[in-house]
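Asker: Got a structure for you, target33.pdb, holding PDB, C-alpha atoms, pLDDT in the B column.
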ATOM      1  CA  GLU A   1      13.255  -1.944  11.830  1.00 56.00           C
ATOM      2  CA  ALA A   2      14.089   1.472  13.293  1.00 60.00           C
ATOM      3  CA  ASP A   3      17.209   1.789  15.441  1.00 90.00           C
ATOM      4  CA  ILE A   4      15.504   3.383  18.409  1.00 95.00           C
ATOM      5  CA  TYR A   5      15.318   1.642  21.754  1.00 95.00           C
ATOM      6  CA  GLN A   6      13.344   2.101  24.931  1.00 97.00           C
ATOM      7  CA  THR A   7      13.817   0.538  28.336  1.00 96.00           C
ATOM      8  CA  PRO A   8      12.157  -0.792  30.292  1.00 96.00           C
ATOM      9  CA  ARG A   9       9.342  -2.140  28.099  1.00 95.00           C
ATOM     10  CA  TYR A  10       7.089  -2.615  31.130  1.00 96.00           C
ATOM     11  CA  LEU A  11       7.254  -1.040  34.582  1.00 96.00           C
ATOM     12  CA  VAL A  12       5.004  -1.357  37.627  1.00 97.00           C
ATOM     13  CA  ILE A  13       5.848   0.912  40.540  1.00 96.00           C
ATOM     14  CA  GLY A  14       4.298   2.430  43.633  1.00 96.00           C
ATOM     15  CA  THR A  15       3.100   5.988  44.065  1.00 96.00           C
ATOM     16  CA  GLY A  16       5.787   8.516  44.946  1.00 95.00           C
ATOM     17  CA  LYS A  17       8.681   6.682  43.335  1.00 95.00           C
ATOM     18  CA  LYS A  18      11.154   8.435  41.047  1.00 95.00           C
ATOM     19  CA  ILE A  19      11.599   6.741  37.692  1.00 95.00           C
ATOM     20  CA  THR A  20      13.573   7.316  34.504  1.00 97.00           C
ATOM     21  CA  LEU A  21      12.469   5.969  31.148  1.00 97.00           C
ATOM     22  CA  GLU A  22      15.360   5.465  28.761  1.00 97.00           C
ATOM     23  CA  CYS A  23      15.412   6.197  25.036  1.00 98.00           C
ATOM     24  CA  SER A  24      18.351   5.815  22.677  1.00 97.00           C
ATOM     25  CA  GLN A  25      18.724   6.046  18.904  1.00 97.00           C
ATOM     26  CA  THR A  26      21.637   5.143  16.679  1.00 94.00           C
ATOM     27  CA  MET A  27      20.541   7.039  13.561  1.00 93.00           C
ATOM     28  CA  GLY A  28      22.250  10.317  14.452  1.00 92.00           C
ATOM     29  CA  HIS A  29      18.935  12.178  14.441  1.00 94.00           C
ATOM     30  CA  ASP A  30      18.916  15.667  15.901  1.00 93.00           C
ATOM     31  CA  LYS A  31      15.216  15.714  16.816  1.00 93.00           C
ATOM     32  CA  MET A  32      13.798  13.511  19.559  1.00 95.00           C
ATOM     33  CA  TYR A  33      10.330  13.382  21.097  1.00 95.00           C
ATOM     34  CA  TRP A  34       8.411  11.867  24.000  1.00 96.00           C
ATOM     35  CA  TYR A  35       4.723  11.055  23.585  1.00 95.00           C
ATOM     36  CA  GLN A  36       2.128   9.755  26.028  1.00 95.00           C
ATOM     37  CA  GLN A  37      -0.631   7.526  24.682  1.00 93.00           C
ATOM     38  CA  ASP A  38      -3.606   6.068  26.543  1.00 91.00           C
ATOM     39  CA  PRO A  39      -5.369   3.021  25.025  1.00 83.00           C
ATOM     40  CA  GLY A  40      -7.391   3.963  21.954  1.00 79.00           C
ATOM     41  CA  MET A  41      -6.391   7.589  22.237  1.00 85.00           C
ATOM     42  CA  GLU A  42      -4.117   9.875  20.247  1.00 86.00           C
ATOM     43  CA  LEU A  43      -0.477  10.522  20.982  1.00 91.00           C
ATOM     44  CA  HIS A  44       0.166  13.578  23.139  1.00 91.00           C
ATOM     45  CA  LEU A  45       3.534  15.325  22.864  1.00 92.00           C
ATOM     46  CA  ILE A  46       5.051  15.889  26.298  1.00 94.00           C
ATOM     47  CA  HIS A  47       8.659  16.884  25.481  1.00 95.00           C
ATOM     48  CA  TYR A  48      10.881  17.360  22.451  1.00 93.00           C
ATOM     49  CA  SER A  49      14.441  18.286  21.621  1.00 94.00           C
ATOM     50  CA  TYR A  50      16.098  19.764  18.548  1.00 91.00           C
ATOM     51  CA  GLY A  51      19.583  18.738  19.586  1.00 93.00           C
ATOM     52  CA  VAL A  52      22.059  18.532  22.417  1.00 95.00           C
ATOM     53  CA  ASN A  53      21.201  20.850  25.332  1.00 94.00           C
ATOM     54  CA  SER A  54      17.886  21.769  23.656  1.00 92.00           C
ATOM     55  CA  THR A  55      14.614  20.678  25.293  1.00 94.00           C
ATOM     56  CA  GLU A  56      11.059  22.017  25.034  1.00 92.00           C
ATOM     57  CA  LYS A  57       7.734  21.142  26.651  1.00 91.00           C
ATOM     58  CA  GLY A  58       4.939  19.864  24.468  1.00 88.00           C
ATOM     59  CA  ASP A  59       1.190  20.348  24.581  1.00 79.00           C
ATOM     60  CA  LEU A  60       0.491  17.973  27.437  1.00 76.00           C
ATOM     61  CA  SER A  61       1.188  19.306  30.899  1.00 63.00           C
ATOM     62  CA  SER A  62       3.360  16.794  32.657  1.00 71.00           C
ATOM     63  CA  GLU A  63       5.285  16.493  35.881  1.00 84.00           C
ATOM     64  CA  SER A  64       8.170  14.998  33.951  1.00 92.00           C
ATOM     65  CA  THR A  65      11.558  16.350  32.905  1.00 94.00           C
ATOM     66  CA  VAL A  66      13.969  15.432  30.112  1.00 96.00           C
ATOM     67  CA  SER A  67      17.619  15.972  29.319  1.00 95.00           C
ATOM     68  CA  ARG A  68      19.658  15.841  26.098  1.00 97.00           C
ATOM     69  CA  ILE A  69      23.311  15.631  26.989  1.00 96.00           C
ATOM     70  CA  ARG A  70      24.154  13.346  24.073  1.00 96.00           C
ATOM     71  CA  THR A  71      22.616  13.236  20.597  1.00 95.00           C
ATOM     72  CA  GLU A  72      21.639   9.595  20.907  1.00 96.00           C
ATOM     73  CA  HIS A  73      20.125   9.679  24.400  1.00 97.00           C
ATOM     74  CA  PHE A  74      16.879  11.341  25.580  1.00 97.00           C
ATOM     75  CA  PRO A  75      15.757  10.079  29.025  1.00 98.00           C
ATOM     76  CA  LEU A  76      12.431  11.027  30.624  1.00 97.00           C
ATOM     77  CA  THR A  77      12.223  11.348  34.412  1.00 96.00           C
ATOM     78  CA  LEU A  78       9.187  11.361  36.689  1.00 93.00           C
ATOM     79  CA  GLU A  79      10.226  12.757  40.075  1.00 92.00           C
ATOM     80  CA  SER A  80       7.193  11.387  41.937  1.00 94.00           C
ATOM     81  CA  ALA A  81       5.013   8.931  40.083  1.00 94.00           C
ATOM     82  CA  ARG A  82       1.219   9.014  40.533  1.00 94.00           C
ATOM     83  CA  PRO A  83      -1.547   6.686  39.319  1.00 95.00           C
ATOM     84  CA  SER A  84      -2.495   9.366  36.744  1.00 92.00           C
ATOM     85  CA  HIS A  85       0.884   8.736  35.095  1.00 94.00           C
ATOM     86  CA  THR A  86      -0.203   5.223  34.157  1.00 95.00           C
ATOM     87  CA  SER A  87       0.082   5.154  30.366  1.00 95.00           C
ATOM     88  CA  GLN A  88       2.154   4.119  27.365  1.00 95.00           C
ATOM     89  CA  TYR A  89       5.207   6.321  26.734  1.00 96.00           C
ATOM     90  CA  LEU A  90       6.601   6.436  23.206  1.00 97.00           C
ATOM     91  CA  CYS A  91       9.944   7.918  22.201  1.00 97.00           C
ATOM     92  CA  ALA A  92      10.619   9.018  18.620  1.00 96.00           C
ATOM     93  CA  SER A  93      13.380  10.616  16.599  1.00 95.00           C
ATOM     94  CA  SER A  94      13.653  12.304  13.204  1.00 92.00           C
ATOM     95  CA  ASP A  95      16.078  14.130  10.985  1.00 87.00           C
ATOM     96  CA  THR A  96      15.887  17.913  10.703  1.00 79.00           C
ATOM     97  CA  ASP A  97      14.056  17.862   7.326  1.00 77.00           C
ATOM     98  CA  PRO A  98      10.337  18.405   8.152  1.00 68.00           C
ATOM     99  CA  ASN A  99       9.391  15.805   5.515  1.00 73.00           C
ATOM    100  CA  ASN A 100      11.425  13.161   7.248  1.00 76.00           C
ATOM    101  CA  GLU A 101       9.738  10.333   9.060  1.00 85.00           C
ATOM    102  CA  GLN A 102       9.508  10.071  12.815  1.00 91.00           C
ATOM    103  CA  PHE A 103      10.853   6.697  13.895  1.00 93.00           C
ATOM    104  CA  PHE A 104       9.234   5.350  17.041  1.00 95.00           C
ATOM    105  CA  GLY A 105      10.567   3.094  19.734  1.00 95.00           C
ATOM    106  CA  PRO A 106       8.541   0.117  21.022  1.00 93.00           C
ATOM    107  CA  GLY A 107       7.252   2.101  23.997  1.00 95.00           C
ATOM    108  CA  THR A 108       7.268   1.714  27.771  1.00 96.00           C
ATOM    109  CA  ARG A 109       4.039   0.694  29.435  1.00 96.00           C
ATOM    110  CA  LEU A 110       4.010   2.284  32.888  1.00 96.00           C
ATOM    111  CA  THR A 111       1.627   1.296  35.673  1.00 96.00           C
ATOM    112  CA  VAL A 112       1.646   3.296  38.915  1.00 96.00           C
ATOM    113  CA  LEU A 113      -0.165   1.630  41.790  1.00 95.00           C
TER     114      LEU A 113
ATOM    115  CA  LYS B   1      -5.520  25.465  16.644  1.00 73.00           C
ATOM    116  CA  ASN B   2      -4.183  22.755  14.314  1.00 75.00           C
ATOM    117  CA  GLN B   3      -6.430  19.707  14.310  1.00 89.00           C
ATOM    118  CA  VAL B   4      -6.545  16.312  12.632  1.00 94.00           C
ATOM    119  CA  GLU B   5      -9.844  14.414  12.648  1.00 95.00           C
ATOM    120  CA  GLN B   6     -10.139  10.778  11.587  1.00 96.00           C
ATOM    121  CA  SER B   7     -13.116   8.629  10.752  1.00 96.00           C
ATOM    122  CA  PRO B   8     -14.394   6.133  11.435  1.00 96.00           C
ATOM    123  CA  GLN B   9     -13.139   5.674  14.981  1.00 94.00           C
ATOM    124  CA  SER B  10     -13.226   1.916  14.508  1.00 96.00           C
ATOM    125  CA  LEU B  11     -13.946  -0.483  11.678  1.00 97.00           C
ATOM    126  CA  ILE B  12     -14.475  -4.229  11.427  1.00 97.00           C
ATOM    127  CA  ILE B  13     -14.175  -5.956   8.054  1.00 97.00           C
ATOM    128  CA  LEU B  14     -13.794  -9.473   6.711  1.00 97.00           C
ATOM    129  CA  GLU B  15     -10.507 -10.716   5.371  1.00 97.00           C
ATOM    130  CA  GLY B  16     -10.145  -9.986   1.665  1.00 97.00           C
ATOM    131  CA  LYS B  17     -12.424  -6.955   1.687  1.00 97.00           C
ATOM    132  CA  ASN B  18     -11.362  -3.391   0.893  1.00 97.00           C
ATOM    133  CA  CYS B  19     -11.780  -0.404   3.175  1.00 97.00           C
ATOM    134  CA  THR B  20     -11.161   3.338   3.204  1.00 98.00           C
ATOM    135  CA  LEU B  21     -10.159   5.471   6.158  1.00 98.00           C
ATOM    136  CA  GLN B  22     -10.639   9.243   6.237  1.00 98.00           C
ATOM    137  CA  CYS B  23      -8.596  12.137   7.590  1.00 98.00           C
ATOM    138  CA  ASN B  24      -9.556  15.830   7.702  1.00 97.00           C
ATOM    139  CA  TYR B  25      -7.130  18.457   8.909  1.00 95.00           C
ATOM    140  CA  THR B  26      -6.881  22.172   9.608  1.00 93.00           C
ATOM    141  CA  VAL B  27      -3.074  22.455   9.754  1.00 87.00           C
ATOM    142  CA  SER B  28      -1.893  25.500   7.858  1.00 84.00           C
ATOM    143  CA  PRO B  29       0.405  26.227   6.152  1.00 86.00           C
ATOM    144  CA  PHE B  30       0.623  22.609   5.105  1.00 88.00           C
ATOM    145  CA  SER B  31       3.884  20.717   4.654  1.00 88.00           C
ATOM    146  CA  ASN B  32       3.113  17.015   4.526  1.00 91.00           C
ATOM    147  CA  LEU B  33       0.733  14.301   5.630  1.00 94.00           C
ATOM    148  CA  ARG B  34       1.743  10.842   6.763  1.00 95.00           C
ATOM    149  CA  TRP B  35      -0.244   7.720   7.465  1.00 97.00           C
ATOM    150  CA  TYR B  36       1.172   5.518  10.192  1.00 96.00           C
ATOM    151  CA  LYS B  37       0.262   1.963  11.170  1.00 97.00           C
ATOM    152  CA  GLN B  38       0.431   1.112  14.859  1.00 95.00           C
ATOM    153  CA  ASP B  39       0.198  -2.505  15.931  1.00 93.00           C
ATOM    154  CA  THR B  40      -1.024  -3.161  19.456  1.00 89.00           C
ATOM    155  CA  GLY B  41       1.726  -2.524  21.986  1.00 85.00           C
ATOM    156  CA  ARG B  42       4.151  -1.179  19.381  1.00 88.00           C
ATOM    157  CA  GLY B  43       5.258   2.205  18.134  1.00 91.00           C
ATOM    158  CA  PRO B  44       3.753   3.653  14.919  1.00 94.00           C
ATOM    159  CA  VAL B  45       5.435   2.897  11.590  1.00 94.00           C
ATOM    160  CA  SER B  46       5.122   5.170   8.551  1.00 93.00           C
ATOM    161  CA  LEU B  47       3.171   3.827   5.553  1.00 95.00           C
ATOM    162  CA  THR B  48       3.127   6.826   3.216  1.00 93.00           C
ATOM    163  CA  ILE B  49       4.009  10.488   3.064  1.00 92.00           C
ATOM    164  CA  MET B  50       2.341  13.050   0.826  1.00 92.00           C
ATOM    165  CA  THR B  51       3.404  16.606   0.160  1.00 89.00           C
ATOM    166  CA  PHE B  52       1.334  19.458  -1.232  1.00 84.00           C
ATOM    167  CA  SER B  53       1.890  18.579  -4.885  1.00 87.00           C
ATOM    168  CA  GLU B  54       1.031  14.893  -4.565  1.00 89.00           C
ATOM    169  CA  ASN B  55      -2.532  13.590  -4.713  1.00 91.00           C
ATOM    170  CA  THR B  56      -1.993   9.835  -4.607  1.00 95.00           C
ATOM    171  CA  LYS B  57       0.692   7.476  -3.396  1.00 94.00           C
ATOM    172  CA  SER B  58       0.765   3.701  -3.044  1.00 94.00           C
ATOM    173  CA  ASN B  59       2.677   1.332  -0.809  1.00 94.00           C
ATOM    174  CA  GLY B  60       1.711  -2.215  -1.705  1.00 95.00           C
ATOM    175  CA  ARG B  61      -1.940  -2.721  -0.807  1.00 97.00           C
ATOM    176  CA  TYR B  62      -2.102   0.734   0.803  1.00 97.00           C
ATOM    177  CA  THR B  63      -3.059   3.744  -1.324  1.00 97.00           C
ATOM    178  CA  ALA B  64      -3.233   7.234   0.135  1.00 97.00           C
ATOM    179  CA  THR B  65      -4.907  10.211  -1.505  1.00 97.00           C
ATOM    180  CA  LEU B  66      -4.644  13.885  -0.685  1.00 96.00           C
ATOM    181  CA  ASP B  67      -6.855  16.834  -1.590  1.00 94.00           C
ATOM    182  CA  ALA B  68      -4.946  19.853  -0.318  1.00 90.00           C
ATOM    183  CA  ASP B  69      -7.751  22.220  -1.330  1.00 91.00           C
ATOM    184  CA  THR B  70     -10.357  20.549   0.882  1.00 94.00           C
ATOM    185  CA  LYS B  71      -7.734  19.438   3.415  1.00 94.00           C
ATOM    186  CA  GLN B  72      -8.769  15.811   3.215  1.00 96.00           C
ATOM    187  CA  SER B  73      -6.867  12.561   2.882  1.00 97.00           C
ATOM    188  CA  SER B  74      -7.896   8.933   2.644  1.00 98.00           C
ATOM    189  CA  LEU B  75      -6.126   5.627   3.094  1.00 98.00           C
ATOM    190  CA  HIS B  76      -7.476   2.755   1.018  1.00 98.00           C
ATOM    191  CA  ILE B  77      -6.570  -0.811   1.945  1.00 97.00           C
ATOM    192  CA  THR B  78      -7.079  -3.399  -0.772  1.00 97.00           C
ATOM    193  CA  ALA B  79      -7.668  -7.119  -0.188  1.00 97.00           C
ATOM    194  CA  SER B  80      -7.312  -6.842   3.571  1.00 97.00           C
ATOM    195  CA  GLN B  81      -5.313  -9.395   5.541  1.00 97.00           C
ATOM    196  CA  LEU B  82      -5.462 -10.391   9.200  1.00 97.00           C
ATOM    197  CA  SER B  83      -2.145  -8.605   9.717  1.00 96.00           C
ATOM    198  CA  ASP B  84      -3.790  -5.324   8.724  1.00 97.00           C
ATOM    199  CA  SER B  85      -5.534  -5.288  12.106  1.00 97.00           C
ATOM    200  CA  ALA B  86      -4.027  -2.206  13.761  1.00 96.00           C
ATOM    201  CA  SER B  87      -4.583   1.465  14.442  1.00 96.00           C
ATOM    202  CA  TYR B  88      -4.035   3.784  11.468  1.00 97.00           C
ATOM    203  CA  ILE B  89      -2.939   7.279  12.402  1.00 97.00           C
ATOM    204  CA  CYS B  90      -3.006  10.381  10.209  1.00 96.00           C
ATOM    205  CA  VAL B  91      -0.229  12.873  11.027  1.00 94.00           C
ATOM    206  CA  VAL B  92       0.020  16.341   9.496  1.00 92.00           C
ATOM    207  CA  SER B  93       3.028  18.663   9.620  1.00 89.00           C
ATOM    208  CA  GLY B  94       2.946  22.364   8.947  1.00 85.00           C
ATOM    209  CA  ARG B  95       5.565  24.620   7.407  1.00 80.00           C
ATOM    210  CA  GLY B  96       7.441  27.112   9.486  1.00 70.00           C
ATOM    211  CA  GLY B  97       7.661  27.289  13.232  1.00 61.00           C
ATOM    212  CA  SER B  98       8.760  24.199  15.061  1.00 61.00           C
ATOM    213  CA  TYR B  99       7.572  21.562  12.519  1.00 68.00           C
ATOM    214  CA  ILE B 100       5.939  19.614  15.352  1.00 79.00           C
ATOM    215  CA  PRO B 101       3.466  17.227  13.681  1.00 87.00           C
ATOM    216  CA  THR B 102      -0.195  17.031  14.697  1.00 89.00           C
ATOM    217  CA  PHE B 103      -1.548  13.535  15.312  1.00 92.00           C
ATOM    218  CA  GLY B 104      -5.054  12.259  14.719  1.00 93.00           C
ATOM    219  CA  ARG B 105      -6.703   9.894  17.187  1.00 92.00           C
ATOM    220  CA  GLY B 106      -6.457   7.013  14.743  1.00 94.00           C
ATOM    221  CA  THR B 107      -8.866   4.490  13.249  1.00 96.00           C
ATOM    222  CA  SER B 108      -8.851   1.056  14.852  1.00 96.00           C
ATOM    223  CA  LEU B 109      -9.199  -1.586  12.136  1.00 97.00           C
ATOM    224  CA  ILE B 110     -10.051  -5.191  12.924  1.00 97.00           C
ATOM    225  CA  VAL B 111      -9.896  -7.753  10.129  1.00 97.00           C
ATOM    226  CA  HIS B 112     -11.827 -10.961  10.831  1.00 96.00           C
ATOM    227  CA  PRO B 113     -11.160 -14.268   9.043  1.00 94.00           C
TER     228      PRO B 113
END
Output the file's structure as structure tokens, nothing else.

Answerer:
Amino acid sequence: EADIYQTPRYLVIGTGKKITLECSQTMGHDKMYWYQQDPGMELHLIHYSYGVNSTEKGDLSSESTVSRIRTEHFPLTLESARPSHTSQYLCASSDTDPNNEQFFGPGTRLTVL
Amino acid sequence: KNQVEQSPQSLIILEGKNCTLQCNYTVSPFSNLRWYKQDTGRGPVSLTIMTFSENTKSNGRYTATLDADTKQSSLHITASQLSDSASYICVVSGRGGSYIPTFGRGTSLIVHP
């Protein structure tokens, strides 16, 4: 079992609310990622980080932001949630070696009403 | 643009039967290819990794093959079990640049008793 945690596991909120999805890992990995996945669809990279104070946007345009103040923590924030944000959000981490595995958290299922 | 295509999109088999899933990719230059298993509502978990010089690798009842010349990989599942019901995702990483892996859409496998 990978040591990467996400909270909350499920979240139902109203439109316009600000939310933060938490992700923490205890493996000391430098790289961390956020993916968005709709049912039956592929994972889309929305943000990634190579280390503390390093963040980059992924392929999927998103109204979200991330921060990496500590190695183990990589929160994702939606300033104003919309129904189009309804999806599964997966956090992952990996070591710097490109052959190293990405370890995924259990995901947060977000529903915006 | 780097792409990973998987087939079939979905597959239903009877318990005990074998099956083979396909993955074609255009990622270049190639670094490695992983097969992940994703249970419903969970994050993906790595099954196998293959680098350029490897053409077959097994993990229990799972056997992955790689043809780097034709840019094709397959995942063969032997003597399927009900617990094999999941989505199987092919992920390809390139060399150089940011090492961000490219995900396929996955094959949804259902094993019936």

Asker: Hey, what comes out of the PyMOL selection byres ((chain B) within 8 of (chain A)) on this file? Could you write it as number ranges by chain?

Answerer: B: 31-32, 41-46, 49, 93, 95, 99, 103-106, 108

Asker: Extract, using all atoms listed in the file, all DNA, RNA and protein residues at most 8 Å from B:Gln72, discarding same-chain residues fewer than 4 positions from it, and format them as a list in words.

Answerer: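 Skipping anything fewer than 4 positions along the chain leaves Gln22, Cys23, Asn24, Tyr25, Leu66, Asp67 and Ala68 of chain B.
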
Asker: Kindly resolve the PyMOL selection byres ((chain A and resi 14) around 12) on the present coordinates and return the residues as a list of chain:residue names.

Answerer: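 With the PyMOL selection byres ((chain A and resi 14) around 12) on this model, the match is A:Leu11, A:Val12, A:Ile13, A:Thr15, A:Gly16, A:Lys17, A:Lys18, A:Ile19, A:Ser80, A:Ala81, A:Arg82, A:Pro83, A:Ser84, A:His85, A:Thr86, A:Leu110, A:Thr111, A:Val112, A:Leu113.
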
Asker: In Å, rounded to a single decimal, give me how far atom CA of A:Asp3 is from atom CA of A:Met27.

Answerer: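 Spanning atom CA of A:Met27 to atom CA of A:Asp3 is a straight-line distance of 6.5 Å.
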
Asker: Which residue, B:Ile100, B:Val4, B:Ile12, B:Leu33, has the smallest gap to B:Ser87 when you use all atoms listed in the file?

Answerer: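 Of the candidates, the smallest distance to B:Ser87 is held by B:Ile12.
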
Asker: With all atoms listed in the file as the basis for distance, which of A:Gly28, A:Asp95, A:Trp34, A:Tyr5 is at the shortest distance from A:Asp59?

Answerer: A:Trp34

Asker: Report as a list in words the full result of the PyMOL selection byres ((chain B and resi 107) around 7) when it is applied to this structure.

Answerer: Gln6, Ser7, Pro8, Gln9, Ser10, Ser87, Tyr88, Ile89, Gly106, Ser108 and Leu109 of chain B

Asker: In Å to one decimal, how far is atom CA of B:Ser74 from atom CA of B:Thr40?

Answerer: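 According to the coordinates, atom CA of B:Thr40 and atom CA of B:Ser74 are separated by 21.8 Å.
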
Asker: Using only C-alpha atoms, which protein or nucleic acid residues come within 12 Å of B:Gly60? Drop anything in the same chain fewer than 4 positions from it, and give the result as a PDB file with C-alpha atoms, in the coordinates of the input.

Answerer:
ATOM      1  CA  LEU B  47       3.171   3.827   5.553  1.00 95.00           C
ATOM      2  CA  THR B  48       3.127   6.826   3.216  1.00 93.00           C
ATOM      3  CA  ALA B  64      -3.233   7.234   0.135  1.00 97.00           C
ATOM      4  CA  HIS B  76      -7.476   2.755   1.018  1.00 98.00           C
ATOM      5  CA  ILE B  77      -6.570  -0.811   1.945  1.00 97.00           C
ATOM      6  CA  THR B  78      -7.079  -3.399  -0.772  1.00 97.00           C
ATOM      7  CA  ALA B  79      -7.668  -7.119  -0.188  1.00 97.00           C
ATOM      8  CA  SER B  80      -7.312  -6.842   3.571  1.00 97.00           C
TER       9      SER B  80
END

Asker: Rounded to one decimal place, report the atom CA of B:Thr102-atom CA of A:Ser87 distance in Å.

Answerer: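 About the pair atom CA of B:Thr102 and atom CA of A:Ser87: they are 19.7 Å apart.
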
Asker: Is it possible to get the axis-aligned box enclosing stretch 88-105 of chain B (all listed atoms, 4 Å extra per side) as lines of an AutoDock Vina configuration file, with centre and edge lengths in Å rounded to one decimal?

Answerer:
center_x = 1.0
center_y = 15.5
center_z = 12.3
size_x = 23.5
size_y = 31.5
size_z = 17.8
